[in-house]
>>> print(open('work-v1.txt').read())   # compact mmCIF, C-alpha atoms
# COMPACT_ATOMS: atom_id res chain seq x y z
CA MET G 1 -30.79 8.59 33.23
CA ALA G 2 -29.53 6.55 30.30
CA GLU G 3 -25.89 5.68 30.40
CA LYS G 4 -23.72 7.51 27.92
CA PRO G 5 -22.05 5.33 25.25
CA LYS G 6 -18.48 4.48 26.17
CA VAL G 7 -15.70 5.48 23.78
CA ALA G 8 -12.06 4.43 23.91
CA ILE G 9 -9.32 6.22 21.97
CA TYR G 10 -6.05 4.36 21.92
CA TRP G 11 -2.65 4.79 20.27
CA LEU G 12 -0.83 1.79 18.83
CA ALA G 13 2.40 2.52 16.91
CA SER G 14 1.33 6.11 16.49
CA CYS G 15 2.83 9.58 16.38
CA ALA G 16 -0.19 11.03 18.27
CA GLY G 17 -1.00 13.27 15.29
CA CYS G 18 -4.35 11.48 15.23
CA ASP G 19 -4.96 12.45 18.87
CA GLU G 20 -4.14 16.02 17.85
CA ALA G 21 -6.66 15.78 15.04
CA ILE G 22 -9.38 14.76 17.49
CA VAL G 23 -8.48 17.71 19.71
CA ASP G 24 -8.62 19.86 16.57
CA LEU G 25 -12.38 19.36 16.59
CA ASN G 26 -12.21 22.43 18.84
CA GLU G 27 -15.67 23.39 20.03
CA ALA G 28 -17.20 20.30 18.46
CA ILE G 29 -15.27 18.18 20.91
CA LEU G 30 -17.31 19.62 23.77
CA THR G 31 -20.49 18.32 22.14
CA VAL G 32 -18.84 14.93 21.77
CA ALA G 33 -17.50 14.94 25.33
CA ASP G 34 -21.03 15.71 26.58
CA ALA G 35 -22.54 12.85 24.62
CA VAL G 36 -20.05 10.11 25.40
CA ASP G 37 -18.08 8.65 28.27
CA ILE G 38 -14.40 8.46 27.33
CA VAL G 39 -12.97 5.43 29.12
CA LEU G 40 -9.46 5.37 27.66
CA TRP G 41 -7.34 8.08 26.03
CA PRO G 42 -3.70 7.79 27.09
CA VAL G 43 -2.60 11.11 25.60
CA ALA G 44 -5.23 13.05 27.53
CA LEU G 45 -6.74 11.01 30.37
CA ASP G 46 -5.35 8.78 33.08
CA PHE G 47 -7.18 5.48 32.78
CA LYS G 48 -5.33 2.20 33.26
CA TYR G 49 -5.42 -0.99 31.19
CA GLU G 50 -6.88 -2.79 34.22
CA SER G 51 -10.08 -0.75 34.02
CA ILE G 52 -10.53 -1.95 30.42
CA ARG G 53 -9.73 -5.57 31.30
CA LYS G 54 -12.50 -5.49 33.94
CA MET G 55 -15.16 -4.46 31.42
CA LYS G 56 -17.71 -6.82 29.92
CA LYS G 57 -17.55 -7.88 26.28
CA GLY G 58 -19.05 -5.18 24.09
CA GLU G 59 -19.31 -2.71 26.97
CA ILE G 60 -17.45 -0.09 24.92
CA THR G 61 -19.60 1.27 22.09
CA LEU G 62 -16.74 2.57 19.95
CA ALA G 63 -13.00 1.99 20.08
CA ILE G 64 -11.02 4.46 17.98
CA LEU G 65 -7.64 2.86 17.31
CA HIS G 66 -4.88 4.75 15.57
CA GLY G 67 -1.33 3.71 14.75
CA SER G 68 -0.07 0.50 13.20
CA VAL G 69 0.92 -2.70 15.02
CA ARG G 70 4.60 -3.52 15.35
CA ASN G 71 4.98 -5.00 18.82
CA SER G 72 3.25 -7.42 21.16
CA GLU G 73 1.84 -4.73 23.47
CA GLN G 74 0.11 -3.08 20.52
CA GLU G 75 -1.24 -6.45 19.43
CA GLU G 76 -2.46 -7.19 22.96
CA MET G 77 -4.22 -3.83 23.31
CA ALA G 78 -5.79 -4.07 19.86
CA LYS G 79 -7.21 -7.51 20.74
CA LEU G 80 -8.33 -6.38 24.21
CA LEU G 81 -10.18 -3.37 22.83
CA ARG G 82 -11.69 -5.51 20.05
CA GLU G 83 -13.10 -7.87 22.65
CA LYS G 84 -14.59 -5.13 24.81
CA SER G 85 -16.01 -3.02 21.96
CA GLN G 86 -19.04 -3.20 19.71
CA LEU G 87 -17.40 -1.14 16.99
CA VAL G 88 -13.75 -0.67 16.10
CA LEU G 89 -12.73 2.28 13.91
CA ALA G 90 -9.31 2.12 12.23
CA PHE G 91 -8.41 5.79 12.53
CA GLY G 92 -5.72 7.32 10.33
CA ALA G 93 -3.42 6.02 7.63
CA CYS G 94 -1.34 3.90 10.01
CA ALA G 95 -4.27 1.88 11.31
CA CYS G 96 -5.87 1.68 7.86
CA PHE G 97 -2.84 0.86 5.71
CA GLY G 98 0.24 0.73 7.91
CA GLY G 99 1.27 4.36 7.55
CA THR G 100 4.59 6.07 6.83
CA ALA G 101 6.49 4.10 9.43
CA GLY G 102 5.36 1.08 7.41
CA LEU G 103 8.19 1.88 5.00
CA ALA G 104 10.25 -0.08 7.51
CA ASN G 105 8.86 -3.16 5.77
CA PHE G 106 11.41 -2.63 3.02
CA ARG G 107 13.94 -3.91 5.57
CA SER G 108 14.08 -6.95 7.82
CA LYS G 109 13.90 -6.71 11.61
CA GLU G 110 17.52 -7.88 11.69
CA ASP G 111 18.63 -5.07 9.36
CA ILE G 112 16.80 -2.53 11.49
CA PHE G 113 18.26 -3.78 14.77
CA ASN G 114 21.76 -3.89 13.30
CA TRP G 115 21.48 -0.29 12.21
CA VAL G 116 19.80 1.11 15.30
CA TYR G 117 21.92 -0.72 17.89
CA GLN G 118 25.20 -1.10 16.04
CA ASP G 119 25.98 0.45 12.68
CA ALA G 120 24.43 3.92 12.86
CA PRO G 121 27.25 6.54 13.08
CA THR G 122 26.29 7.90 16.50
CA VAL G 123 25.86 4.54 18.23
CA VAL G 124 28.35 3.46 20.89
CA ASN G 125 27.52 -0.11 21.89
CA PRO G 126 30.73 -2.10 22.44
CA ASN G 127 28.90 -4.99 24.16
CA LYS G 128 26.49 -5.33 21.22
CA THR G 129 23.54 -5.01 23.58
CA ARG G 130 20.14 -5.68 22.07
CA PRO G 131 16.75 -5.11 23.71
CA GLN G 132 15.41 -8.32 25.22
CA THR G 133 11.81 -9.21 25.96
CA GLU G 134 12.89 -10.30 29.44
CA THR G 135 15.82 -9.21 31.65
CA ARG G 136 16.69 -9.78 35.29
CA VAL G 137 18.00 -6.81 37.24
CA ASN G 138 18.77 -7.26 40.95
CA GLY G 139 16.51 -10.30 41.04
CA ASN G 140 13.62 -8.42 39.45
CA LYS G 141 12.15 -9.33 36.10
CA LEU G 142 11.86 -6.49 33.60
CA THR G 143 9.95 -7.00 30.37
CA LEU G 144 9.69 -5.28 27.01
CA PRO G 145 7.17 -6.02 24.27
CA GLU G 146 8.33 -8.22 21.43
CA PHE G 147 9.28 -6.34 18.27
CA PHE G 148 7.58 -8.00 15.30
CA GLU G 149 9.13 -8.89 11.96
CA ARG G 150 7.04 -6.32 10.16
CA VAL G 151 4.63 -3.40 10.55
CA HIS G 152 0.95 -4.42 10.33
CA PRO G 153 -2.16 -2.42 9.50
CA LEU G 154 -4.89 -2.92 12.11
CA ASP G 155 -6.99 -5.36 10.09
CA ASP G 156 -4.07 -7.77 9.95
CA ILE G 157 -4.56 -8.23 13.69
CA ILE G 158 -8.29 -7.80 14.45
CA ASN G 159 -11.55 -7.46 12.57
CA VAL G 160 -12.15 -3.79 11.81
CA ASP G 161 -15.65 -2.36 11.41
CA TYR G 162 -14.89 1.01 9.81
CA TYR G 163 -11.95 2.86 8.32
CA LEU G 164 -11.15 6.56 8.45
CA PRO G 165 -8.01 7.28 6.42
CA GLY G 166 -5.76 10.33 6.36
CA CYS G 167 -2.58 11.48 7.98
CA PRO G 168 -4.34 12.61 10.02
CA PRO G 169 -8.03 12.43 9.13
CA PRO G 170 -9.45 15.95 8.75
CA ALA G 171 -11.71 17.41 11.43
CA GLU G 172 -14.87 17.35 9.28
CA LEU G 173 -14.60 13.64 8.57
CA ILE G 174 -13.85 12.88 12.21
CA ALA G 175 -16.90 14.80 13.35
CA SER G 176 -19.12 13.08 10.73
CA ALA G 177 -17.81 9.68 11.74
CA VAL G 178 -18.35 10.17 15.46
CA PHE G 179 -21.83 11.64 15.02
CA ALA G 180 -22.74 8.83 12.61
CA VAL G 181 -21.94 6.37 15.39
CA LEU G 182 -23.86 8.31 18.02
CA GLU G 183 -26.89 8.73 15.75
CA ASP G 184 -26.65 5.14 14.48
CA LYS G 185 -26.47 6.27 10.86
CA LEU G 186 -23.59 4.12 9.73
CA PRO G 187 -23.06 2.46 6.32
CA PRO G 188 -22.59 -1.34 6.19
CA ARG G 189 -19.65 -2.69 8.18
CA GLY G 190 -16.29 -2.62 6.44
CA ALA G 191 -16.95 0.77 4.85
CA THR G 192 -14.49 3.61 4.67
CA LEU G 193 -16.01 6.78 6.11
CA ALA G 194 -14.81 9.07 3.33
CA PRO G 195 -15.95 9.80 -0.25
CA SER G 196 -15.41 7.01 -2.76
CA LYS G 197 -14.19 9.14 -5.68
CA PRO G 198 -10.49 9.71 -6.39
CA LEU G 199 -8.72 12.94 -5.53
CA CYS G 200 -8.71 14.22 -9.12
CA ASP G 201 -12.47 14.53 -8.87
CA ALA G 202 -12.19 17.09 -6.03
CA CYS G 203 -8.84 18.63 -6.98
CA PRO G 204 -8.91 22.43 -7.49
CA ARG G 205 -6.61 21.94 -10.50
CA ASN G 206 -8.66 19.37 -12.37
CA GLN G 207 -9.96 21.93 -14.87
CA SER G 208 -6.38 22.65 -15.86
CA LYS G 209 -5.71 19.07 -16.96
CA PRO G 210 -4.88 18.88 -20.68
CA GLN G 211 -6.80 16.34 -22.76
CA LYS G 212 -3.81 14.09 -22.80
CA ILE G 213 -1.11 14.18 -20.16
CA GLU G 214 2.24 13.47 -21.77
CA ILE G 215 5.22 13.32 -19.48
CA SER G 216 8.51 13.29 -21.32
CA GLU G 217 10.62 14.39 -18.38
CA PHE G 218 10.05 13.89 -14.68
CA LYS G 219 10.74 16.71 -12.27
CA ARG G 220 10.97 16.48 -8.50
CA ILE G 221 8.81 18.91 -6.52
CA HIS G 222 11.75 20.40 -4.62
CA GLU G 223 13.81 20.94 -7.78
CA VAL G 224 11.39 23.22 -9.59
CA GLU G 225 9.05 26.11 -8.92
CA ALA G 226 5.78 24.37 -9.57
CA LYS G 227 2.91 26.36 -11.06
CA ASP G 228 0.13 26.60 -8.51
CA ASP G 229 -2.71 26.47 -11.04
CA LEU G 230 -1.73 23.53 -13.24
CA CYS G 231 -2.13 19.79 -12.67
CA PHE G 232 1.12 18.41 -11.23
CA LEU G 233 1.25 15.46 -13.60
CA ALA G 234 0.91 17.88 -16.53
CA GLN G 235 4.06 19.56 -15.16
CA GLY G 236 5.95 16.26 -15.04
CA ILE G 237 5.72 16.10 -11.26
CA LEU G 238 4.56 12.81 -9.73
CA CYS G 239 1.18 13.09 -8.06
CA ILE G 240 -0.59 9.92 -6.94
CA GLY G 241 -3.94 11.76 -6.76
CA PRO G 242 -5.57 9.71 -9.57
CA ALA G 243 -5.26 6.53 -7.49
CA ILE G 244 -6.17 8.01 -4.12
CA ARG G 245 -9.48 8.52 -2.34
CA SER G 246 -10.71 12.09 -1.93
CA GLY G 247 -12.07 13.67 1.27
CA CYS G 248 -8.93 15.30 2.62
CA GLY G 249 -9.83 18.82 1.50
CA GLU G 250 -6.79 18.76 -0.84
CA THR G 251 -4.65 20.53 1.76
CA CYS G 252 -1.42 19.46 0.06
CA ILE G 253 -2.51 20.54 -3.43
CA ARG G 254 -3.60 23.90 -2.08
CA THR G 255 -0.13 24.36 -0.56
CA ASN G 256 1.41 23.63 -3.98
CA VAL G 257 2.64 20.14 -3.06
CA PRO G 258 1.51 17.01 -4.95
CA CYS G 259 -0.57 14.31 -3.29
CA ARG G 260 1.35 11.58 -1.49
CA GLY G 261 -1.51 9.19 -0.93
CA CYS G 262 -2.40 9.32 2.78
CA PHE G 263 -6.07 8.58 2.07
CA GLY G 264 -5.32 5.23 0.48
CA PRO G 265 -7.11 3.51 -2.40
CA VAL G 266 -10.62 4.14 -3.67
CA ASP G 267 -13.43 1.60 -3.11
CA GLY G 268 -12.77 -1.72 -4.76
CA VAL G 269 -8.98 -1.32 -4.85
CA ASP G 270 -6.63 -2.90 -2.33
CA ASP G 271 -3.31 -1.56 -3.55
CA ALA G 272 -3.27 2.07 -4.68
CA GLY G 273 0.47 2.02 -5.36
CA ALA G 274 0.15 -0.82 -7.85
CA LYS G 275 -2.71 0.90 -9.64
CA PHE G 276 -0.81 4.17 -9.85
CA ILE G 277 2.22 2.45 -11.38
CA SER G 278 -0.07 0.98 -14.03
CA GLY G 279 -1.67 4.31 -14.83
CA LEU G 280 1.60 6.24 -14.71
CA ALA G 281 2.96 4.06 -17.52
CA SER G 282 0.31 5.39 -19.89
CA LEU G 283 1.15 9.00 -19.02
CA ILE G 284 4.79 8.63 -20.00
CA SER G 285 5.24 9.99 -23.48
CA ALA G 286 7.68 7.47 -24.94
CA GLU G 287 7.40 4.64 -27.41
CA SER G 288 10.85 3.28 -28.14
CA GLU G 289 12.53 1.13 -25.54
CA ASP G 290 15.35 3.68 -25.13
CA ASP G 291 13.01 6.63 -24.59
CA SER G 292 10.92 4.59 -22.16
CA LYS G 293 13.99 3.56 -20.17
CA LYS G 294 15.28 7.13 -20.10
CA ALA G 295 12.03 8.50 -18.70
CA VAL G 296 11.63 5.72 -16.13
CA ASP G 297 15.21 6.06 -14.92
CA GLU G 298 14.54 9.67 -13.97
CA ILE G 299 12.16 8.65 -11.18
CA ALA G 300 14.11 8.70 -7.96
CA ASP G 301 12.22 6.38 -5.62
CA LEU G 302 9.12 4.95 -7.24
CA ALA G 303 8.28 2.32 -4.64
CA GLY G 304 8.87 4.71 -1.75
CA TYR G 305 6.63 7.32 -3.35
CA CYS G 306 3.82 4.94 -4.29
CA TYR G 307 3.80 3.16 -0.93
CA ARG G 308 4.63 6.06 1.36
CA PHE G 309 1.58 5.43 3.56
CA SER G 310 0.58 1.93 2.55
CA LEU G 311 3.53 -0.45 2.27
CA PRO G 312 2.20 -2.84 4.94
CA SER G 313 -0.99 -3.29 2.95
CA ALA G 314 0.69 -3.63 -0.46
CA SER G 315 -0.40 -6.73 -2.35
CA LEU G 316 3.15 -8.07 -2.32
CA LYS G 317 4.58 -8.86 1.09
CA ARG G 318 1.44 -9.17 3.11
CA LYS G 319 0.72 -11.85 5.66
CA LYS G 320 -2.15 -11.67 8.14
CA LYS G 321 -1.37 -12.36 11.77
CA LYS G 322 -4.82 -13.02 13.18
CA GLU G 323 -6.03 -16.56 13.72
CA SER G 324 -9.60 -16.15 12.42
CA MET B 1 17.79 -32.42 -3.07
CA LYS B 2 14.79 -31.71 -5.26
CA GLU B 3 15.65 -29.91 -8.47
CA PHE B 4 14.15 -26.48 -8.85
CA THR B 5 11.62 -26.22 -11.67
CA PRO B 6 10.68 -22.56 -12.03
CA LYS B 7 6.99 -21.67 -12.15
CA LEU B 8 6.40 -19.17 -14.88
CA VAL B 9 3.23 -17.21 -15.63
CA CYS B 10 2.90 -16.05 -19.23
CA PHE B 11 0.48 -13.37 -20.44
CA SER B 12 0.34 -13.60 -24.20
CA CYS B 13 -1.23 -11.23 -26.72
CA LYS B 14 -3.76 -13.09 -28.85
CA PHE B 15 -3.18 -10.89 -31.87
CA GLY B 16 0.55 -11.41 -32.20
CA TRP B 17 1.14 -14.84 -30.78
CA GLY B 18 -0.58 -18.00 -31.89
CA TYR B 19 -3.76 -16.57 -33.41
CA LEU B 20 -3.45 -18.77 -36.48
CA ASN B 21 -3.42 -21.73 -34.17
CA GLY B 22 -6.66 -20.70 -32.50
CA ASN B 23 -4.63 -20.02 -29.37
CA GLY B 24 -4.44 -23.75 -28.82
CA TYR B 25 -1.38 -23.24 -26.65
CA ALA B 26 -3.56 -21.91 -23.89
CA LYS B 27 -4.70 -25.46 -23.22
CA LYS B 28 -1.30 -27.13 -23.57
CA LEU B 29 0.81 -24.87 -21.37
CA LYS B 30 0.51 -24.32 -17.66
CA ASN B 31 -0.16 -20.77 -16.34
CA PHE B 32 -0.50 -19.47 -19.90
CA ILE B 33 -2.99 -16.62 -20.15
CA PRO B 34 -3.98 -15.28 -23.59
CA VAL B 35 -5.02 -11.61 -23.41
CA MET B 36 -6.60 -9.23 -25.91
CA CYS B 37 -3.50 -7.02 -25.87
CA SER B 38 -0.35 -6.96 -23.80
CA GLY B 39 -1.48 -3.47 -22.76
CA LYS B 40 -4.34 -5.10 -20.88
CA VAL B 41 -1.95 -6.65 -18.38
CA ASP B 42 -2.18 -4.61 -15.19
CA THR B 43 0.40 -4.23 -12.44
CA THR B 44 -1.97 -6.03 -10.07
CA HIS B 45 -2.05 -9.10 -12.36
CA ILE B 46 1.72 -9.30 -12.32
CA MET B 47 1.99 -8.73 -8.57
CA ASN B 48 -0.68 -11.35 -7.89
CA ALA B 49 1.24 -13.84 -10.02
CA PHE B 50 4.32 -13.35 -7.81
CA LYS B 51 2.20 -13.46 -4.70
CA GLU B 52 0.59 -16.74 -5.75
CA GLY B 53 3.97 -18.40 -6.19
CA ALA B 54 5.30 -17.53 -9.64
CA ASP B 55 9.09 -17.40 -9.87
CA GLY B 56 8.88 -15.34 -13.05
CA VAL B 57 6.36 -13.50 -15.24
CA LEU B 58 6.65 -13.23 -19.00
CA ILE B 59 4.58 -10.94 -21.21
CA LEU B 60 4.42 -11.57 -24.94
CA GLY B 61 3.48 -8.49 -26.94
CA CYS B 62 3.51 -7.34 -30.52
CA PRO B 63 6.43 -5.67 -32.35
CA ASP B 64 6.89 -1.91 -32.74
CA LYS B 65 4.11 -0.32 -34.80
CA GLU B 66 2.23 -3.64 -35.01
CA CYS B 67 -0.11 -3.36 -32.03
CA HIS B 68 -3.72 -3.93 -33.09
CA PHE B 69 -4.73 -1.20 -30.63
CA GLN B 70 -1.87 1.11 -31.73
CA THR B 71 -0.03 1.70 -28.43
CA GLY B 72 -1.00 -1.17 -26.13
CA ASN B 73 2.39 -2.85 -26.46
CA TYR B 74 4.21 0.40 -25.61
CA GLN B 75 2.08 0.89 -22.49
CA ALA B 76 2.88 -2.68 -21.43
CA ARG B 77 6.60 -2.10 -21.89
CA LYS B 78 6.54 1.15 -19.90
CA ARG B 79 4.53 -0.60 -17.21
CA VAL B 80 7.12 -3.40 -17.02
CA LEU B 81 10.00 -0.91 -16.79
CA LEU B 82 8.27 0.97 -13.96
CA LEU B 83 7.26 -2.18 -12.11
CA ARG B 84 10.82 -3.50 -12.26
CA LYS B 85 11.96 -0.49 -10.26
CA ALA B 86 9.35 -1.21 -7.60
CA LEU B 87 10.02 -4.97 -7.57
CA LYS B 88 13.67 -4.31 -6.78
CA GLU B 89 12.64 -2.50 -3.58
CA PHE B 90 10.42 -5.46 -2.67
CA GLY B 91 13.45 -7.74 -2.91
CA ILE B 92 12.29 -9.31 -6.18
CA ASP B 93 14.99 -9.47 -8.86
CA PRO B 94 13.80 -7.33 -11.81
CA GLY B 95 15.01 -10.09 -14.14
CA ARG B 96 11.99 -12.12 -13.04
CA LEU B 97 9.69 -9.87 -15.07
CA LYS B 98 10.22 -9.84 -18.79
CA ILE B 99 8.40 -8.54 -21.83
CA GLU B 100 9.14 -9.70 -25.36
CA PHE B 101 8.02 -7.85 -28.48
CA ASN B 102 7.70 -10.19 -31.39
CA MET B 103 5.23 -11.84 -33.72
CA ASP B 104 4.52 -15.54 -34.00
CA PRO B 105 1.24 -16.17 -35.83
CA GLU B 106 1.60 -19.95 -35.66
CA GLY B 107 2.57 -19.79 -32.03
CA ALA B 108 5.11 -22.51 -32.63
CA ARG B 109 7.85 -20.64 -30.82
CA ILE B 110 5.86 -20.00 -27.65
CA PRO B 111 6.96 -23.13 -25.73
CA ALA B 112 10.61 -22.42 -26.62
CA VAL B 113 10.38 -18.79 -25.48
CA ILE B 114 8.88 -19.95 -22.21
CA GLU B 115 11.54 -22.62 -21.71
CA GLU B 116 14.25 -20.05 -22.34
CA MET B 117 12.94 -17.72 -19.69
CA LYS B 118 12.62 -20.68 -17.30
CA LYS B 119 16.36 -21.28 -17.76
CA GLU B 120 17.09 -17.66 -16.82
CA ILE B 121 14.83 -17.91 -13.78
CA LYS B 122 16.50 -21.16 -12.77
CA SER B 123 19.80 -19.34 -12.31
CA LEU B 124 18.03 -16.77 -10.13
CA GLY B 125 16.62 -19.52 -7.95
CA PRO B 126 13.12 -19.83 -6.51
CA LEU B 127 11.44 -16.67 -5.36
CA SER B 128 11.51 -16.72 -1.57
CA PRO B 129 7.96 -17.02 -0.25
CA VAL B 130 6.19 -13.68 -0.06
CA VAL B 131 5.98 -12.85 3.59
>>> encode(input="work-v1.txt", output="structure tokens")
Amino acid sequence: MAEKPKVAIYWLASCAGCDEAIVDLNEAILTVADAVDIVLWPVALDFKYESIRKMKKGEITLAILHGSVRNSEQEEMAKLLREKSQLVLAFGACACFGGTAGLANFRSKEDIFNWVYQDAPTVVNPNKTRPQTETRVNGNKLTLPEFFERVHPLDDIINVDYYLPGCPPPAELIASAVFAVLEDKLPPRGATLAPSKPLCDACPRNQSKPQKIEISEFKRIHEVEAKDDLCFLAQGILCIGPAIRSGCGETCIRTNVPCRGCFGPVDGVDDAGAKFISGLASLISAESEDDSKKAVDEIADLAGYCYRFSLPSASLKRKKKKES
Amino acid sequence: MKEFTPKLVCFSCKFGWGYLNGNGYAKKLKNFIPVMCSGKVDTTHIMNAFKEGADGVLILGCPDKECHFQTGNYQARKRVLLLRKALKEFGIDPGRLKIEFNMDPEGARIPAVIEEMKKEIKSLGPLSPVV
């Protein structure tokens, strides 16, 4: 009997929402479980790192890695799984772009440590203790992974074969991706396994878009009662949909909340946030310098909004860690 | 100690600045990029300039109501105002990105405008390397 392809699912700096999403395949997961041999899935199964280390190069058919990389253990596991796997899938916004926790890149490691271990109001740390990578306790050596200077998307650390964005990726796209691997019907390496058109193309509100969107005043989604049948931008509410890949099923839009960009940029674009800032300028209805300044000043946190899921892969502030 | 000479990238609208001179300044000045319209300058162009080592970026556009494409200069100005907000969060002083609306058909003033911005950038210091 032919051996079943081996699949590893591993969490890096992840919230485990992506593991949940895989479980959300419901009945479909039984078909997958029948067809593959899961060799690593910390949230669900009890395999040890040693069993992976003992494998031959390329023994694993598909490694599904979710979460970003912020410490040395995550880097080590990403590299280990890369070595043992034929295909690596960057699963979810964190692996693809750095994710929400990537907003930490607006601060230095020193700032973060000072806040977490010293300055935060509920911290009591009179000895100014900081986590160390190595400590001796009763003659025994205890170790902790090294905390990196910044959050990294997966392809900063290893070569990635395919990307599946989303926070988390929706069940349909997960199922298509896994079956594409099993049936060997994959696009060329480096592809993102989601539609290439922007969200506006699939948005249920796109028919309501006026010919020209003219924003004279910005409103924040929690400060108004947004209409549920009119384009958010036409209501003066920031929606990054025009710069973001579709494929999510527009769950946010359908719950009357604007897009926040978890699917990342469309094909051919590296930095969705930058592109959105460019496009947003043309939607602002102002000509004089004063009117322009007034409108722009109303936006509360432009960089945070535009880079909510993708700061680590923004064109500014990006430095690859891998040697190759 | 080596004196700091700021590196400036200048995107300059061909219609408003230097068109009578056949845009000859493009060849004489370093990192001087003539464009069809200041509105053509995209956020990614500006960000790439900073990423590649520019200490400052200057955009030269046409005066109010004088844009050959009607509103290109306004779009560029709005883009600059928005990008400044984002640059601040990235730790880049917003004063490093400037847009000037004026007209200079001979282009004679271009080197002086660039030198003036270089002086402003000098007081800000070199942009720390993008990490």
>>> atom_distance(input="work-v1.txt", atom1="atom CA of Asp24 of chain G", atom2="atom CA of Leu81 of chain G")
24.1 Å
>>> residues_around(input="work-v1.txt", residues="segment 116-127 of chain B", least_positions_apart="4", cutoff="10 Å", atoms="only C-alpha atoms", output="PyMOL selection string")
chain B and resi 3-8+50-51+53-58+91-93+95-98+110-112
>>> residues_near_point(input="work-v1.txt", point="(-3.9, -10.6, -27.7)", cutoff="8 Å", atoms="only C-alpha atoms", output="PyMOL selection string")
chain B and resi 12-17+34-38+61
>>> residues_around(input="work-v1.txt", residues="Glu146 of chain G", least_positions_apart="3", cutoff="9 Å", atoms="all atoms listed in the file", output="list in words")
Arg70, Asn71, Ser72, Glu73, Gln132 and Thr133 of chain G
>>> write_last_selection(input="work-v1.txt", atoms="C-alpha atoms", output="compact mmCIF listing (two decimals), keeping the file's coordinate frame")
# COMPACT_ATOMS: atom_id res chain seq x y z
CA ARG G 70 4.60 -3.52 15.35
CA ASN G 71 4.98 -5.00 18.82
CA SER G 72 3.25 -7.42 21.16
CA GLU G 73 1.84 -4.73 23.47
CA GLN G 132 15.41 -8.32 25.22
CA THR G 133 11.81 -9.21 25.96
>>> atom_distance(input="work-v1.txt", atom1="atom CA of Pro165 of chain G", atom2="atom CA of Ile213 of chain G")
28.3 Å
>>> closest_residue(input="work-v1.txt", among="B:Val9, B:Asn102, B:Cys67, B:Gly18", to="Ile114 of chain B", atoms="only C-alpha atoms")
B:Val9
>>> atom_distance(input="work-v1.txt", atom1="atom CA of Pro265 of chain G", atom2="atom CA of Gly249 of chain G")
16.0 Å
>>> residues_around(input="work-v1.txt", residues="Gly190 of chain G", least_positions_apart="6", cutoff="9 Å", atoms="all atoms listed in the file", output="list in words")
Val160, Asp161, Tyr162 and Tyr163 of chain G
>>> closest_residue(input="work-v1.txt", among="G:Pro121, G:Gly17, G:Pro242, G:Pro145", to="Phe263 of chain G", atoms="only C-alpha atoms")
G:Pro242
>>> closest_residue(input="work-v1.txt", among="G:Leu173, G:Met55, G:Ala8, G:Leu62", to="Pro42 of chain G", atoms="only C-alpha atoms")
G:Ala8
>>> decode(input="work-v1.txt", residues="segment 5-16 of chain B", atoms="N, CA and C atoms", output="compact mmCIF listing (two decimals), in the first residue's frame")
# COMPACT_ATOMS: atom_id res chain seq x y z
N THR B 5 26.65 65.28 4.17
CA THR B 5 26.03 65.88 2.98
C THR B 5 24.75 65.11 2.69
N PRO B 6 23.61 65.78 2.88
CA PRO B 6 22.34 65.05 2.72
C PRO B 6 22.13 64.58 1.28
N LYS B 7 21.56 63.38 1.16
CA LYS B 7 21.20 62.88 -0.17
C LYS B 7 19.73 63.18 -0.38
N LEU B 8 19.46 63.92 -1.43
CA LEU B 8 18.09 64.33 -1.68
C LEU B 8 17.61 63.75 -3.01
N VAL B 9 16.40 63.23 -3.03
CA VAL B 9 15.81 62.79 -4.30
C VAL B 9 14.74 63.81 -4.66
N CYS B 10 14.77 64.28 -5.92
CA CYS B 10 13.81 65.30 -6.33
C CYS B 10 13.00 64.82 -7.52
N PHE B 11 11.68 64.75 -7.34
CA PHE B 11 10.76 64.45 -8.45
C PHE B 11 10.24 65.79 -8.95
N SER B 12 10.41 66.06 -10.22
CA SER B 12 10.09 67.41 -10.69
C SER B 12 9.16 67.38 -11.89
N CYS B 13 8.06 68.12 -11.80
CA CYS B 13 7.10 68.15 -12.90
C CYS B 13 7.69 68.82 -14.13
N LYS B 14 7.63 68.13 -15.26
CA LYS B 14 8.23 68.67 -16.49
C LYS B 14 7.51 69.90 -16.99
N PHE B 15 6.20 69.98 -16.71
CA PHE B 15 5.42 71.08 -17.27
C PHE B 15 5.71 72.40 -16.57
N GLY B 16 5.94 72.34 -15.26
CA GLY B 16 6.10 73.58 -14.52
C GLY B 16 7.54 74.01 -14.32
